[in-house]
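Have a look at structure30.json; it's JSON, C-alpha atoms and all ligand atoms:
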```
[["chain", "number", "residue", "atom", "x", "y", "z"],
["A", 428, "MET", "CA", 4.31, 35.91, -46.21],
["A", 429, "LYS", "CA", 4.90, 32.32, -45.23],
["A", 430, "LEU", "CA", 6.41, 33.43, -41.93],
["A", 431, "LEU", "CA", 3.39, 35.63, -41.21],
["A", 432, "HIS", "CA", 1.07, 32.74, -41.93],
["A", 433, "ARG", "CA", 2.88, 30.48, -39.54],
["A", 434, "ARG", "CA", 2.86, 33.13, -36.87],
["A", 435, "SER", "CA", -0.87, 33.72, -37.15],
["A", 436, "LEU", "CA", -1.37, 29.98, -36.87],
["A", 437, "GLY", "CA", 0.67, 30.14, -33.69],
["A", 438, "TYR", "CA", -1.57, 32.91, -32.32],
["A", 439, "LEU", "CA", -4.63, 30.91, -33.23],
["A", 440, "PHE", "CA", -3.24, 27.92, -31.33],
["A", 441, "VAL", "CA", -2.51, 30.02, -28.23],
["A", 442, "LEU", "CA", -6.04, 31.44, -28.42],
["A", 443, "LEU", "CA", -7.52, 27.97, -28.67],
["A", 444, "VAL", "CA", -5.54, 26.75, -25.65],
["A", 445, "LEU", "CA", -6.54, 29.84, -23.63],
["A", 446, "GLY", "CA", -10.16, 29.35, -24.69],
["A", 447, "ALA", "CA", -10.08, 25.74, -23.58],
["A", 448, "MET", "CA", -8.57, 26.76, -20.23],
["A", 449, "VAL", "CA", -11.24, 29.41, -19.64],
["A", 450, "ALA", "CA", -14.00, 26.98, -20.64],
["A", 451, "GLY", "CA", -12.51, 24.39, -18.31],
["A", 452, "CYS", "CA", -12.69, 26.84, -15.42],
["A", 453, "ALA", "CA", -16.29, 27.83, -15.98],
["A", 454, "PRO", "CA", -18.49, 26.67, -13.13],
["A", 455, "ASN", "CA", -20.91, 23.87, -13.82],
["A", 456, "ALA", "CA", -24.35, 25.32, -13.30],
["A", 457, "ASN", "CA", -25.62, 22.00, -12.03],
["A", 458, "ALA", "CA", -22.88, 21.50, -9.48],
["A", 459, "GLN", "CA", -23.76, 21.77, -5.84],
["A", 460, "LEU", "CA", -22.11, 24.84, -4.34],
["A", 461, "VAL", "CA", -20.45, 24.31, -1.02],
["A", 462, "SER", "CA", -22.50, 26.25, 1.49],
["A", 463, "PRO", "CA", -22.93, 26.20, 5.25],
["A", 464, "GLN", "CA", -26.20, 24.36, 4.63],
["A", 465, "LEU", "CA", -24.52, 21.67, 2.52],
["A", 466, "GLY", "CA", -24.78, 19.05, 5.23],
["A", 467, "ALA", "CA", -28.50, 19.70, 5.65],
["A", 468, "GLN", "CA", -29.01, 19.75, 1.87],
["A", 469, "LEU", "CA", -27.22, 16.46, 1.40],
["A", 470, "TYR", "CA", -29.14, 14.99, 4.28],
["A", 471, "ALA", "CA", -32.43, 16.09, 2.70],
["A", 472, "GLU", "CA", -31.39, 14.69, -0.70],
["A", 473, "GLU", "CA", -30.36, 11.45, 0.92],
["A", 474, "ALA", "CA", -33.69, 11.24, 2.72],
["A", 475, "SER", "CA", -35.46, 11.82, -0.61],
["A", 476, "GLY", "CA", -33.59, 8.81, -1.98],
["A", 477, "GLU", "CA", -31.71, 10.81, -4.61],
["A", 478, "ILE", "CA", -28.23, 10.14, -3.32],
["A", 479, "VAL", "CA", -26.77, 7.67, -0.90],
["A", 480, "ILE", "CA", -23.74, 8.65, 1.12],
["A", 481, "GLU", "CA", -21.57, 5.64, 1.86],
["A", 482, "PRO", "CA", -19.49, 5.92, 5.01],
["A", 483, "THR", "CA", -15.75, 5.95, 4.29],
["A", 484, "PRO", "CA", -14.58, 2.44, 5.18],
["A", 485, "ALA", "CA", -12.08, 2.50, 8.02],
["A", 486, "PRO", "CA", -8.94, 0.46, 7.36],
["A", 487, "LEU", "CA", -9.21, -3.04, 8.81],
["A", 488, "LYS", "CA", -7.11, -3.85, 11.84],
["A", 489, "PHE", "CA", -5.13, -7.06, 12.26],
["A", 490, "VAL", "CA", -6.78, -7.75, 15.62],
["A", 491, "ASP", "CA", -10.23, -7.86, 13.96],
["A", 492, "LEU", "CA", -9.24, -10.90, 11.89],
["A", 493, "THR", "CA", -9.84, -14.56, 12.75],
["A", 494, "PRO", "CA", -6.79, -16.89, 12.64],
["A", 495, "GLU", "CA", -8.13, -18.29, 9.35],
["A", 496, "GLN", "CA", -8.33, -14.78, 7.87],
["A", 497, "VAL", "CA", -4.75, -14.10, 8.97],
["A", 498, "THR", "CA", -3.27, -17.08, 7.12],
["A", 499, "ALA", "CA", -5.67, -17.61, 4.20],
["A", 500, "GLY", "CA", -4.08, -18.49, 0.86],
["A", 501, "LEU", "CA", -0.63, -19.50, 2.17],
["A", 502, "PRO", "CA", 1.17, -22.33, 0.38],
["A", 503, "ALA", "CA", 0.48, -25.52, 2.41],
["A", 504, "ASP", "CA", 4.10, -26.16, 3.42],
["A", 505, "PHE", "CA", 4.55, -22.62, 4.67],
["A", 506, "ALA", "CA", 1.18, -22.66, 6.47],
["A", 507, "ALA", "CA", 2.36, -25.74, 8.38],
["A", 508, "ALA", "CA", 5.71, -24.11, 9.22],
["A", 509, "LEU", "CA", 3.96, -20.95, 10.39],
["A", 510, "ALA", "CA", 1.62, -22.93, 12.64],
["A", 511, "ALA", "CA", 4.72, -24.30, 14.41],
["A", 512, "ALA", "CA", 6.65, -21.01, 14.35],
["A", 513, "ASP", "CA", 8.12, -19.09, 17.27],
["A", 514, "ALA", "CA", 7.68, -15.32, 16.82],
["A", 515, "SER", "CA", 10.25, -14.57, 19.53],
["A", 516, "LYS", "CA", 12.97, -16.01, 17.27],
["A", 517, "GLY", "CA", 12.03, -13.84, 14.27],
["A", 518, "GLU", "CA", 13.91, -10.71, 15.23],
["A", 519, "THR", "CA", 17.21, -12.62, 15.12],
["A", 520, "VAL", "CA", 16.34, -13.89, 11.63],
["A", 521, "ALA", "CA", 15.74, -10.28, 10.52],
["A", 522, "LEU", "CA", 19.08, -9.24, 12.02],
["A", 523, "SER", "CA", 21.14, -12.07, 10.58],
["A", 524, "ASN", "CA", 19.68, -11.67, 7.09],
["A", 525, "GLY", "CA", 20.27, -7.93, 6.90],
["A", 526, "CYS", "CA", 16.58, -6.94, 6.69],
["A", 527, "VAL", "CA", 17.15, -4.30, 9.36],
["A", 528, "GLY", "CA", 19.55, -2.50, 7.04],
["A", 529, "CYS", "CA", 16.48, -1.40, 5.08],
["A", 530, "HIS", "CA", 13.58, -1.77, 7.54],
["A", 531, "SER", "CA", 12.94, -0.58, 11.08],
["A", 532, "VAL", "CA", 10.10, -1.20, 13.52],
["A", 533, "ASP", "CA", 10.64, 2.36, 14.79],
["A", 534, "PRO", "CA", 8.21, 4.63, 12.87],
["A", 535, "ALA", "CA", 10.53, 7.61, 13.43],
["A", 536, "VAL", "CA", 13.36, 5.95, 11.50],
["A", 537, "THR", "CA", 13.33, 6.47, 7.71],
["A", 538, "MET", "CA", 15.10, 3.77, 5.70],
["A", 539, "THR", "CA", 15.28, 2.45, 2.14],
["A", 540, "GLY", "CA", 12.36, 0.10, 2.76],
["A", 541, "PRO", "CA", 8.94, 0.79, 4.29],
["A", 542, "THR", "CA", 8.62, 0.84, 8.07],
["A", 543, "TRP", "CA", 7.78, -2.35, 9.93],
["A", 544, "SER", "CA", 5.86, -0.34, 12.51],
["A", 545, "HIS", "CA", 2.34, -1.84, 12.51],
["A", 546, "LEU", "CA", 3.29, -3.92, 9.47],
["A", 547, "ALA", "CA", 0.61, -6.52, 10.24],
["A", 548, "ASP", "CA", -2.10, -3.82, 10.05],
["A", 549, "THR", "CA", -0.54, -2.49, 6.83],
["A", 550, "ALA", "CA", -0.45, -6.01, 5.41],
["A", 551, "VAL", "CA", -4.19, -6.46, 6.01],
["A", 552, "ASN", "CA", -4.95, -3.54, 3.72],
["A", 553, "ARG", "CA", -2.22, -3.60, 1.04],
["A", 554, "GLN", "CA", -3.93, -5.90, -1.43],
["A", 555, "PRO", "CA", -7.68, -6.48, -1.14],
["A", 556, "GLY", "CA", -8.41, -10.18, -0.64],
["A", 557, "VAL", "CA", -4.83, -11.11, 0.27],
["A", 558, "SER", "CA", -4.37, -12.22, 3.88],
["A", 559, "PRO", "CA", -1.66, -10.47, 5.93],
["A", 560, "ALA", "CA", 0.44, -13.63, 6.38],
["A", 561, "ASN", "CA", 0.24, -14.36, 2.67],
["A", 562, "TYR", "CA", 1.12, -10.76, 1.81],
["A", 563, "ILE", "CA", 4.15, -10.67, 4.12],
["A", 564, "HIS", "CA", 5.37, -14.09, 3.01],
["A", 565, "GLU", "CA", 5.02, -13.11, -0.66],
["A", 566, "SER", "CA", 6.74, -9.74, -0.01],
["A", 567, "ILE", "CA", 9.77, -11.60, 1.32],
["A", 568, "VAL", "CA", 10.11, -14.49, -1.15],
["A", 569, "ASN", "CA", 8.92, -12.58, -4.22],
["A", 570, "PRO", "CA", 9.38, -8.85, -3.57],
["A", 571, "GLY", "CA", 8.65, -7.93, -7.19],
["A", 572, "ALA", "CA", 5.09, -9.34, -7.04],
["A", 573, "TYR", "CA", 3.83, -6.16, -5.41],
["A", 574, "VAL", "CA", 5.89, -2.99, -5.11],
["A", 575, "VAL", "CA", 4.86, -0.68, -2.27],
["A", 576, "PRO", "CA", 3.81, 2.74, -3.67],
["A", 577, "ASN", "CA", 6.49, 5.43, -3.43],
["A", 578, "TYR", "CA", 9.26, 2.85, -2.93],
["A", 579, "PRO", "CA", 11.69, 1.59, -5.55],
["A", 580, "GLY", "CA", 11.12, -1.84, -7.05],
["A", 581, "GLY", "CA", 14.05, -4.19, -7.60],
["A", 582, "VAL", "CA", 15.93, -2.94, -4.51],
["A", 583, "MET", "CA", 14.91, -5.60, -2.01],
["A", 584, "PRO", "CA", 16.91, -8.78, -2.67],
["A", 585, "ALA", "CA", 14.80, -11.56, -4.24],
["A", 586, "ILE", "CA", 16.93, -14.35, -2.75],
["A", 587, "TYR", "CA", 15.26, -14.93, 0.60],
["A", 588, "GLY", "CA", 12.89, -17.65, -0.58],
["A", 589, "GLU", "CA", 16.01, -19.74, -1.26],
["A", 590, "SER", "CA", 18.53, -18.42, 1.25],
["A", 591, "ILE", "CA", 16.37, -18.55, 4.41],
["A", 592, "PRO", "CA", 15.33, -22.02, 5.63],
["A", 593, "ILE", "CA", 11.55, -22.41, 5.87],
["A", 594, "GLU", "CA", 11.53, -22.66, 9.71],
["A", 595, "ASP", "CA", 13.46, -19.38, 10.00],
["A", 596, "LEU", "CA", 11.21, -17.79, 7.40],
["A", 597, "ALA", "CA", 8.17, -18.88, 9.41],
["A", 598, "ASN", "CA", 9.65, -17.41, 12.62],
["A", 599, "LEU", "CA", 10.34, -14.19, 10.72],
["A", 600, "VAL", "CA", 6.77, -13.92, 9.35],
["A", 601, "ALA", "CA", 5.33, -14.82, 12.79],
["A", 602, "TYR", "CA", 7.45, -12.01, 14.30],
["A", 603, "LEU", "CA", 6.32, -9.50, 11.65],
["A", 604, "LEU", "CA", 2.70, -10.50, 12.31],
["A", 605, "THR", "CA", 3.17, -9.33, 15.93],
["A", 606, "GLN", "CA", 3.78, -5.77, 14.64],
["A", 607, "HIS", "CA", 0.27, -4.38, 14.97],
["A", 608, "GLU", "CA", -1.78, -1.96, 17.06],
["B", 701, "LIG", "C1", 18.31, -3.40, 0.26],
["B", 701, "LIG", "C2", 17.13, -3.03, 1.02],
["B", 701, "LIG", "C3", 16.19, -4.10, 1.53],
["B", 701, "LIG", "C4", 16.49, -5.25, 2.24],
["B", 701, "LIG", "C5", 17.86, -5.77, 2.64],
["B", 701, "LIG", "C6", 15.22, -5.85, 2.57],
["B", 701, "LIG", "N1", 14.19, -5.10, 2.07],
["B", 701, "LIG", "FE1", 12.20, -5.45, 2.33],
["B", 701, "LIG", "N2", 11.75, -3.88, 1.11],
["B", 701, "LIG", "C7", 12.68, -3.02, 0.58],
["B", 701, "LIG", "C8", 11.98, -2.05, -0.26],
["B", 701, "LIG", "C9", 12.64, -0.90, -1.04],
["B", 701, "LIG", "C10", 10.61, -2.38, -0.19],
["B", 701, "LIG", "C11", 9.48, -1.64, -0.90],
["B", 701, "LIG", "C12", 9.44, -1.95, -2.37],
["B", 701, "LIG", "C13", 8.86, -3.30, -2.65],
["B", 701, "LIG", "O1", 7.68, -3.52, -2.33],
["B", 701, "LIG", "O2", 9.60, -4.14, -3.17],
["B", 701, "LIG", "C14", 10.51, -3.53, 0.69],
["B", 701, "LIG", "C15", 9.29, -4.13, 1.07],
["B", 701, "LIG", "C16", 9.19, -5.10, 2.05],
["B", 701, "LIG", "C17", 7.94, -5.57, 2.60],
["B", 701, "LIG", "C18", 6.56, -5.03, 2.27],
["B", 701, "LIG", "C19", 6.30, -3.90, 3.28],
["B", 701, "LIG", "C20", 5.01, -3.16, 3.15],
["B", 701, "LIG", "O3", 4.87, -2.11, 3.80],
["B", 701, "LIG", "O4", 4.11, -3.58, 2.40],
["B", 701, "LIG", "C21", 8.24, -6.54, 3.52],
["B", 701, "LIG", "C22", 7.28, -7.31, 4.38],
["B", 701, "LIG", "C23", 9.68, -6.66, 3.53],
["B", 701, "LIG", "N3", 10.22, -5.77, 2.63],
["B", 701, "LIG", "C24", 10.36, -7.55, 4.32],
["B", 701, "LIG", "C25", 11.74, -7.74, 4.27],
["B", 701, "LIG", "C26", 12.45, -8.79, 5.00],
["B", 701, "LIG", "C27", 11.80, -9.78, 5.93],
["B", 701, "LIG", "C28", 13.76, -8.66, 4.68],
["B", 701, "LIG", "C29", 14.92, -9.55, 5.10],
["B", 701, "LIG", "C30", 14.74, -11.00, 4.98],
["B", 701, "LIG", "C31", 13.89, -7.51, 3.80],
["B", 701, "LIG", "N4", 12.64, -6.99, 3.57],
["B", 701, "LIG", "C32", 15.09, -7.02, 3.30],
["B", 701, "LIG", "C33", 14.04, -3.02, 0.78],
["B", 701, "LIG", "C34", 14.74, -4.02, 1.43]]
```

Can you dump the structure from the file as structure tokens?
Amino acid sequence: MKLLHRRSLGYLFVLLVLGAMVAGCAPNANAQLVSPQLGAQLYAEEASGEIVIEPTPAPLKFVDLTPEQVTAGLPADFAAALAAADASKGETVALSNGCVGCHSVDPAVTMTGPTWSHLADTAVNRQPGVSPANYIHESIVNPGAYVVPNYPGGVMPAIYGESIPIEDLANLVAYLLTQHE
């Protein structure tokens, strides 16, 4: 008797779940059906002031930024070092500190870390309101502050803020800021 009771409860549960699934699939009578005229319909509704279609914002490009927008928010000592930096020396810093074991500027090469191809453009858009120089600097000296989606946190060494002298660090960031479209 008890067993039967439990079983019927089980059936009831399955029925409830199925019911919820069917209800969830039912079309919403008020929803706009996709039709070949959809564009015209939306246009008409927009013209009537009922809905406003915002254009999808295109990602910002590094080259569209002013120098101030590139370096905004940097710690003062690093901003000064970056102003005096030599980007042509940055690749050597990346080599001698082992960065290139996990990062490549070649987009076709998959490594443990995200690509450096167009990194300056990526850096513009990673965190709204954070300048690309500030983002890249922070990514190097404090990699745990922001973990790139789909990449493991805690893998990139967090020692570089101490192990790399500030002039070398500035050359490195200046070099990475040259990686853009
Ligand atoms: C052991 C592997 C490893 C090494 C070595 C390493 N990184 Fe990374 N790096 C990562 C991983 C993994 C991420 C993504 C996860 C995260 O955000 O911490 C990352 C993220 C970054 C980012 C952010 C990239 C983006 O697309 O937003 C920058 C910039 C960066 N690393 C620079 C460096 C520099 C410069 C060095 C050397 C001084 C270095 N990394 C050394 C693994 C590494």

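Atom CA of Gly556 of chain A is found 26.8 Å from atom C5 of ligand LIG 701 (chain B).
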
Taking all atoms listed in the file into account, report as a PDB file with C-alpha atoms, in the frame of the given file which residues have an atom no farther than 6 Å from an atom of ligand LIG 701 (chain B).
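Output contents, as saved in out-v1.pdb:
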```
ATOM      1  CA  ALA A 521      15.740 -10.280  10.520  1.00  0.00           C
ATOM      2  CA  ASN A 524      19.680 -11.670   7.090  1.00  0.00           C
ATOM      3  CA  GLY A 525      20.270  -7.930   6.900  1.00  0.00           C
ATOM      4  CA  CYS A 526      16.580  -6.940   6.690  1.00  0.00           C
ATOM      5  CA  GLY A 528      19.550  -2.500   7.040  1.00  0.00           C
ATOM      6  CA  CYS A 529      16.480  -1.400   5.080  1.00  0.00           C
ATOM      7  CA  THR A 539      15.280   2.450   2.140  1.00  0.00           C
ATOM      8  CA  GLY A 540      12.360   0.100   2.760  1.00  0.00           C
ATOM      9  CA  PRO A 541       8.940   0.790   4.290  1.00  0.00           C
ATOM     10  CA  ALA A 550      -0.450  -6.010   5.410  1.00  0.00           C
ATOM     11  CA  ILE A 563       4.150 -10.670   4.120  1.00  0.00           C
ATOM     12  CA  SER A 566       6.740  -9.740  -0.010  1.00  0.00           C
ATOM     13  CA  ILE A 567       9.770 -11.600   1.320  1.00  0.00           C
ATOM     14  CA  PRO A 570       9.380  -8.850  -3.570  1.00  0.00           C
ATOM     15  CA  GLY A 571       8.650  -7.930  -7.190  1.00  0.00           C
ATOM     16  CA  TYR A 573       3.830  -6.160  -5.410  1.00  0.00           C
ATOM     17  CA  VAL A 574       5.890  -2.990  -5.110  1.00  0.00           C
ATOM     18  CA  VAL A 575       4.860  -0.680  -2.270  1.00  0.00           C
ATOM     19  CA  TYR A 578       9.260   2.850  -2.930  1.00  0.00           C
ATOM     20  CA  PRO A 579      11.690   1.590  -5.550  1.00  0.00           C
ATOM     21  CA  GLY A 580      11.120  -1.840  -7.050  1.00  0.00           C
ATOM     22  CA  VAL A 582      15.930  -2.940  -4.510  1.00  0.00           C
ATOM     23  CA  MET A 583      14.910  -5.600  -2.010  1.00  0.00           C
ATOM     24  CA  TYR A 587      15.260 -14.930   0.600  1.00  0.00           C
TER      25      TYR A 587
END
```

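Counting from atom CA of Ile586 of chain A, the distance to atom CA of Asn598 of chain A is 17.3 Å.
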
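Here atom CA of Lys516 of chain A and atom CA of Ala535 of chain A stand 24.1 Å from one another.
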
Protein and nucleic acid residues near (1.9, -17.5, -0.2) (cut-off 7 Å, only C-alpha atoms) as number ranges by chain: A: 500-502, 561, 564-565
